Amino acid sequence: MASENELAIWTLINQEKIDFKVKVLNWPQLWGIDIHDCEVTIQSEGRFFSGRGTDKDKSIAINKATAEAIERSVLTHNHIDTSNGVAAHLSISEAKTAACSELIERDLFLSHYLTKKPYYEIPLPTVLKKEYDLFFTEISRNLLKTKSYFLGEINGVGVYATALFGINFKVPFGIEIGLGSSTDRTKSLEKSLIECFRQASNIIFHPTTINNITIDDFSKIDSPTFLDHGNLALNLDFYNSIAEYFNTEPNALIPPKNFKVDTIQYSILETGFSDLKSAPLKFAQAKCKDLQSLYLGIPKPNDINLGRLRLFSNNKNLNFIDLNLFPHPLR
């Protein structure tokens, strides 16, 4: 298995060839959060790819962002529409683990969303409240609100979501969502918080960049992107149409069930971009016929895994017309 140091050395050696650029964002330090948030851009054969990474170790955050940027080249080379179930890592086994976790993460979010099952809100543990106290103070000062939810567990991978609500913000908006998954539930919840914080920081520092679109605007887009989904979620009218799934009280619902699946299959992928082939990274794609896959746009019948949703909802008579057919709010 390659080491973090090997990836950093590879980047240093190839930085001019791949036009490597890194930007370190300063919002964590402004709010007393002990992480580094880095953006990386690279290029190969005239194509530009970007990635973002966070970690308490700055060099690892840069490596994560670099790996994600190279992962984007893998998607392009293999004509894969979304990164759902695709992951890059220093070893095949870790790449498979990360790919599986992402597949499970999206399945549990969408299974709730599509079957109209409200998300199970949880109280934030005291240890995380204390660690991110300055951030939550800033959230409150800006009349923003966050809630965290436990989405369930599959094969020991626990999934959490943290949502940011901006109804009372100076530039009102609907919702931003961060997801996290891990076999360590505390880490999973913390990941969802950091994902949410990243979006919140951009909104607080750059409120004029809030770019929401209506459902009518969205429906006219020929090939919607995840950016379009995220911008739709910012629209207040759209958010009000899905608010009932998020407006719950801590521990007020029956906790989500745990599931097991044994049909996850993996493929090993490569990048076809010549300048990136020598990077000490491995790429895996996870697929599962028994999980709900991520999709783009307004859901169509072939986007939906009815068998999975019937099992999730414990409703064997569930049909396509019974589902929540609004576009999902994941950016």
# chains A, B, ... in the order shown; residues from 1 in each chain; ligands from 1

$ select_by_dssp --residues "segment 69-282 of chain A" --states "strand (DSSP E or B)" --output "PyMOL selection string"
chain A and resi 86-89+120-122+145-154+157-166+173-182+258-259+264-269+282

$ residues_around --residues "segment 17-26 of chain A" --least-positions-apart "5" --cutoff "8 Å" --atoms "only C-alpha atoms" --output "list in words"
Thr11, His36, Asp37, Cys38, Glu39, Val40, Thr41, Ile42, Gln43, Ser44, Ile62, Asp275 and Leu276 of chain A

$ write_last_selection --atoms "N, CA and C atoms" --output "PDB file, in the first residue's frame"
ATOM      1  N   THR A  11       2.982  14.306  -6.053  1.00  0.00           N
ATOM      2  CA  THR A  11       2.421  15.609  -6.385  1.00  0.00           C
ATOM      3  C   THR A  11       3.524  16.647  -6.577  1.00  0.00           C
ATOM      4  N   HIS A  36      -8.267  21.359   8.637  1.00  0.00           N
ATOM      5  CA  HIS A  36      -7.832  22.118   7.468  1.00  0.00           C
ATOM      6  C   HIS A  36      -8.740  21.723   6.297  1.00  0.00           C
ATOM      7  N   ASP A  37      -9.192  22.714   5.566  1.00  0.00           N
ATOM      8  CA  ASP A  37     -10.084  22.502   4.424  1.00  0.00           C
ATOM      9  C   ASP A  37      -9.357  23.003   3.183  1.00  0.00           C
ATOM     10  N   CYS A  38      -9.049  22.106   2.260  1.00  0.00           N
ATOM     11  CA  CYS A  38      -8.212  22.438   1.107  1.00  0.00           C
ATOM     12  C   CYS A  38      -8.906  22.102  -0.209  1.00  0.00           C
ATOM     13  N   GLU A  39      -8.704  22.975  -1.186  1.00  0.00           N
ATOM     14  CA  GLU A  39      -9.182  22.738  -2.550  1.00  0.00           C
ATOM     15  C   GLU A  39      -7.978  22.585  -3.472  1.00  0.00           C
ATOM     16  N   VAL A  40      -8.034  21.602  -4.349  1.00  0.00           N
ATOM     17  CA  VAL A  40      -6.951  21.338  -5.292  1.00  0.00           C
ATOM     18  C   VAL A  40      -7.504  21.332  -6.713  1.00  0.00           C
ATOM     19  N   THR A  41      -6.766  21.929  -7.633  1.00  0.00           N
ATOM     20  CA  THR A  41      -7.084  21.806  -9.057  1.00  0.00           C
ATOM     21  C   THR A  41      -5.858  21.257  -9.780  1.00  0.00           C
ATOM     22  N   ILE A  42      -6.113  20.390 -10.758  1.00  0.00           N
ATOM     23  CA  ILE A  42      -5.060  19.812 -11.597  1.00  0.00           C
ATOM     24  C   ILE A  42      -5.555  19.798 -13.030  1.00  0.00           C
ATOM     25  N   GLN A  43      -4.649  19.527 -13.961  1.00  0.00           N
ATOM     26  CA  GLN A  43      -5.085  19.407 -15.355  1.00  0.00           C
ATOM     27  C   GLN A  43      -4.267  18.329 -16.052  1.00  0.00           C
ATOM     28  N   SER A  44      -4.890  17.715 -17.041  1.00  0.00           N
ATOM     29  CA  SER A  44      -4.209  16.723 -17.877  1.00  0.00           C
ATOM     30  C   SER A  44      -4.915  16.678 -19.220  1.00  0.00           C
ATOM     31  N   ILE A  62      -4.658  17.995   2.002  1.00  0.00           N
ATOM     32  CA  ILE A  62      -4.236  18.259   0.621  1.00  0.00           C
ATOM     33  C   ILE A  62      -4.217  16.964  -0.177  1.00  0.00           C
ATOM     34  N   ASP A 275      -0.920  11.924 -17.713  1.00  0.00           N
ATOM     35  CA  ASP A 275      -0.139  12.576 -16.666  1.00  0.00           C
ATOM     36  C   ASP A 275      -0.522  12.111 -15.266  1.00  0.00           C
ATOM     37  N   LEU A 276      -1.649  11.401 -15.153  1.00  0.00           N
ATOM     38  CA  LEU A 276      -2.156  11.027 -13.832  1.00  0.00           C
ATOM     39  C   LEU A 276      -2.024   9.534 -13.539  1.00  0.00           C
TER      40      LEU A 276
END

$ residues_around --residues "segment 27-35 of chain A" --least-positions-apart "5" --cutoff "7 Å" --atoms "only C-alpha atoms" --output "PyMOL selection string"
chain A and resi 54-56+132+134-135+201

$ closest_residue --among "A:Ala65, A:Leu7, A:Leu189, A:Ile304" --to "Asp107 of chain A" --atoms "only C-alpha atoms"
A:Ile304

$ residues_around --residues "segment 290-301 of chain A" --least-positions-apart "3" --cutoff "8 Å" --atoms "only C-alpha atoms" --output "PyMOL selection string"
chain A and resi 84+103-104+106-108+110-111+219+223-226+229+261+263+304-305+307-309+320+325-327

$ residues_around --residues "Lys117 of chain A" --least-positions-apart "5" --cutoff "12 Å" --atoms "only C-alpha atoms" --output "JSON, numbers by chain"
{"A": [108, 109, 110, 111, 112, 151, 242, 243, 244, 245, 246, 247, 248, 253, 254, 255, 256, 309, 312, 313, 314, 323, 324]}

$ closest_residue --among "A:Ile70, A:Pro118, A:Leu124, A:Asn258" --to "Lys282 of chain A" --atoms "only C-alpha atoms"
A:Ile70

$ residues_around --residues "Glu105 of chain A" --least-positions-apart "6" --cutoff "8 Å" --atoms "only C-alpha atoms" --output "PyMOL selection string"
chain A and resi 159+179-181

$ atom_distance --atom1 "atom CA of Ser59 of chain A" --atom2 "atom CA of Ala8 of chain A"
7.7 Å

$ closest_residue --among "A:Leu232, A:Thr183, A:Glu4, A:Phe205" --to "Ser91 of chain A" --atoms "only C-alpha atoms"
A:Glu4

$ atom_distance --atom1 "atom CA of Ser50 of chain A" --atom2 "atom CA of Gly174 of chain A"
26.8 Å

$ closest_residue --among "A:Pro207, A:Ala233, A:Ala284, A:Arg47" --to "Thr97 of chain A" --atoms "only C-alpha atoms"
A:Ala284

$ atom_distance --atom1 "atom CA of Leu281 of chain A" --atom2 "atom CA of Ile264 of chain A"
21.8 Å

$ closest_residue --among "A:Ile122, A:Ile92, A:Ala61, A:Ile9" --to "Glu249 of chain A" --atoms "only C-alpha atoms"
A:Ile122

$ closest_residue --among "A:Leu193, A:Ala200, A:Ile80, A:Val74" --to "Gly272 of chain A" --atoms "only C-alpha atoms"
A:Val74

$ select_by_dssp --residues "segment 81-305 of chain A" --states "alpha helix (DSSP H)" --output "MDAnalysis selection string"
chainID A and resid 92:114 126:131 133:141 185:205 215:219 226:233 236:242
